[in-house]
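J.: First the structure, which I've put down as structure tokens, then a few questions once you've had a look.
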Amino acid sequence: MSKLRESAKGQPCMVRIPGVCNGNQETTVLAHLNGGGMGLKDRDVFGSFACSACHDIVDFRVKSRFSRTAIRLFHHEGMVNTQRWWLENGYKQYF
């Protein structure tokens, strides 16, 4: 497992979908942006710390009241917040 994926363990959710986020840091994982191709994950740097509930939504495993565009926006905002956390916490060399 990569250092970036490992860094998600125990972190707060950065996606924070309103009415969805469970805030349970024990369920946080690195949720990759969709775009690596069918069945492929994008590079770890293009991911966000996401609780299990937000991860289900951004991976479209669970239906929600939000449009696909809104869900992608939540995920991208989470990615930026995660990248900021990595830069502030000494993970730049893994980019």
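Chain identifiers are assigned as A, B, and so on, following the order in which chains appear in the structure tokens; residues are numbered from 1 within each chain, and ligands are numbered from 1 in order of appearance.
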Quick one: residues within 7 Å of Val29 (chain A), only C-alpha atoms, excluding same-chain residues fewer than 3 positions away - as a PyMOL selection string?
T.: chain A and resi 8-9+49-51
J.: Write the residues of the preceding selection, restricted to all heavy atoms, as a tab-separated table (two decimals), in the first residue's frame.
T.:
chain	number	residue	atom	x	y	z
A	8	ALA	N	-4.45	8.01	4.86
A	8	ALA	CA	-5.89	8.24	5.05
A	8	ALA	C	-6.40	7.65	6.36
A	8	ALA	O	-7.38	8.15	6.93
A	8	ALA	CB	-6.68	7.66	3.88
A	9	LYS	N	-5.73	6.63	6.85
A	9	LYS	CA	-6.21	5.92	8.04
A	9	LYS	C	-6.33	6.87	9.23
A	9	LYS	O	-5.40	7.56	9.61
A	9	LYS	CB	-5.26	4.78	8.39
A	9	LYS	CG	-5.78	3.92	9.51
A	9	LYS	CD	-4.90	2.71	9.75
A	9	LYS	CE	-5.51	1.86	10.84
A	9	LYS	NZ	-4.75	0.64	11.07
A	49	PHE	N	-9.44	11.89	1.08
A	49	PHE	CA	-9.81	11.16	2.29
A	49	PHE	C	-11.34	11.17	2.35
A	49	PHE	O	-11.95	12.23	2.32
A	49	PHE	CB	-9.28	11.84	3.55
A	49	PHE	CG	-7.77	11.89	3.66
A	49	PHE	CD1	-7.19	12.75	4.57
A	49	PHE	CD2	-6.94	11.08	2.91
A	49	PHE	CE1	-5.81	12.82	4.74
A	49	PHE	CE2	-5.56	11.14	3.06
A	49	PHE	CZ	-5.00	12.01	3.97
A	50	ALA	N	-11.94	9.99	2.41
A	50	ALA	CA	-13.41	9.91	2.42
A	50	ALA	C	-13.88	8.87	3.43
A	50	ALA	O	-13.35	7.77	3.48
A	50	ALA	CB	-13.93	9.55	1.03
A	51	CYS	N	-14.90	9.25	4.21
A	51	CYS	CA	-15.53	8.29	5.11
A	51	CYS	C	-16.28	7.26	4.25
A	51	CYS	O	-16.48	7.46	3.05
A	51	CYS	CB	-16.49	9.00	6.07
A	51	CYS	SG	-17.97	9.67	5.26
J.: Using only C-alpha atoms, which residues sit within 9 Å of Phe95 (chain A) once same-chain residues fewer than 6 positions away are excluded, as number ranges by chain?
T.: A: 4, 44-45
J.: From a DSSP pass on the backbone, collect the residues of chain A flagged as alpha helix (DSSP H) and hand them back as a PyMOL selection string.
T.: chain A and resi 3-6+52-58+68-88
J.: Show which residues sit within 10 Å of Thr82 (chain A), as an MDAnalysis selection string. Count only C-alpha atoms, and ignore same-chain residues fewer than 6 positions away.
T.: chainID A and resid 4 7:8 11:15 30 45:50 76 88
J.: Name the residues in contact with region 70-72 of chain A at a cut-off of 9 Å, using only C-alpha atoms, excluding same-chain residues fewer than 4 positions from it; report them as a list in words.
T.: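 What passes the distance filter is Ile17, Leu33, Asn34, Ile57, Val58, Phe60, Phe66, His76 and Glu77 of chain A.
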J.: Tell me which of A:Lys92, A:Arg65, A:Arg84, A:His75 sits closest to Gly19 (chain A), counting only C-alpha atoms.
T.: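 For Gly19 (chain A), the nearest of the candidates is A:Arg65.
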J.: Which residue gives the smallest distance to Phe74 (chain A) among A:Arg43, A:Lys3, A:Arg61, A:His55, with only C-alpha atoms counted?
T.: A:His55
J.: Do you have the CA of Lys41 (chain A)-CA of Asn24 (chain A) distance handy?
T.: 23.8 Å
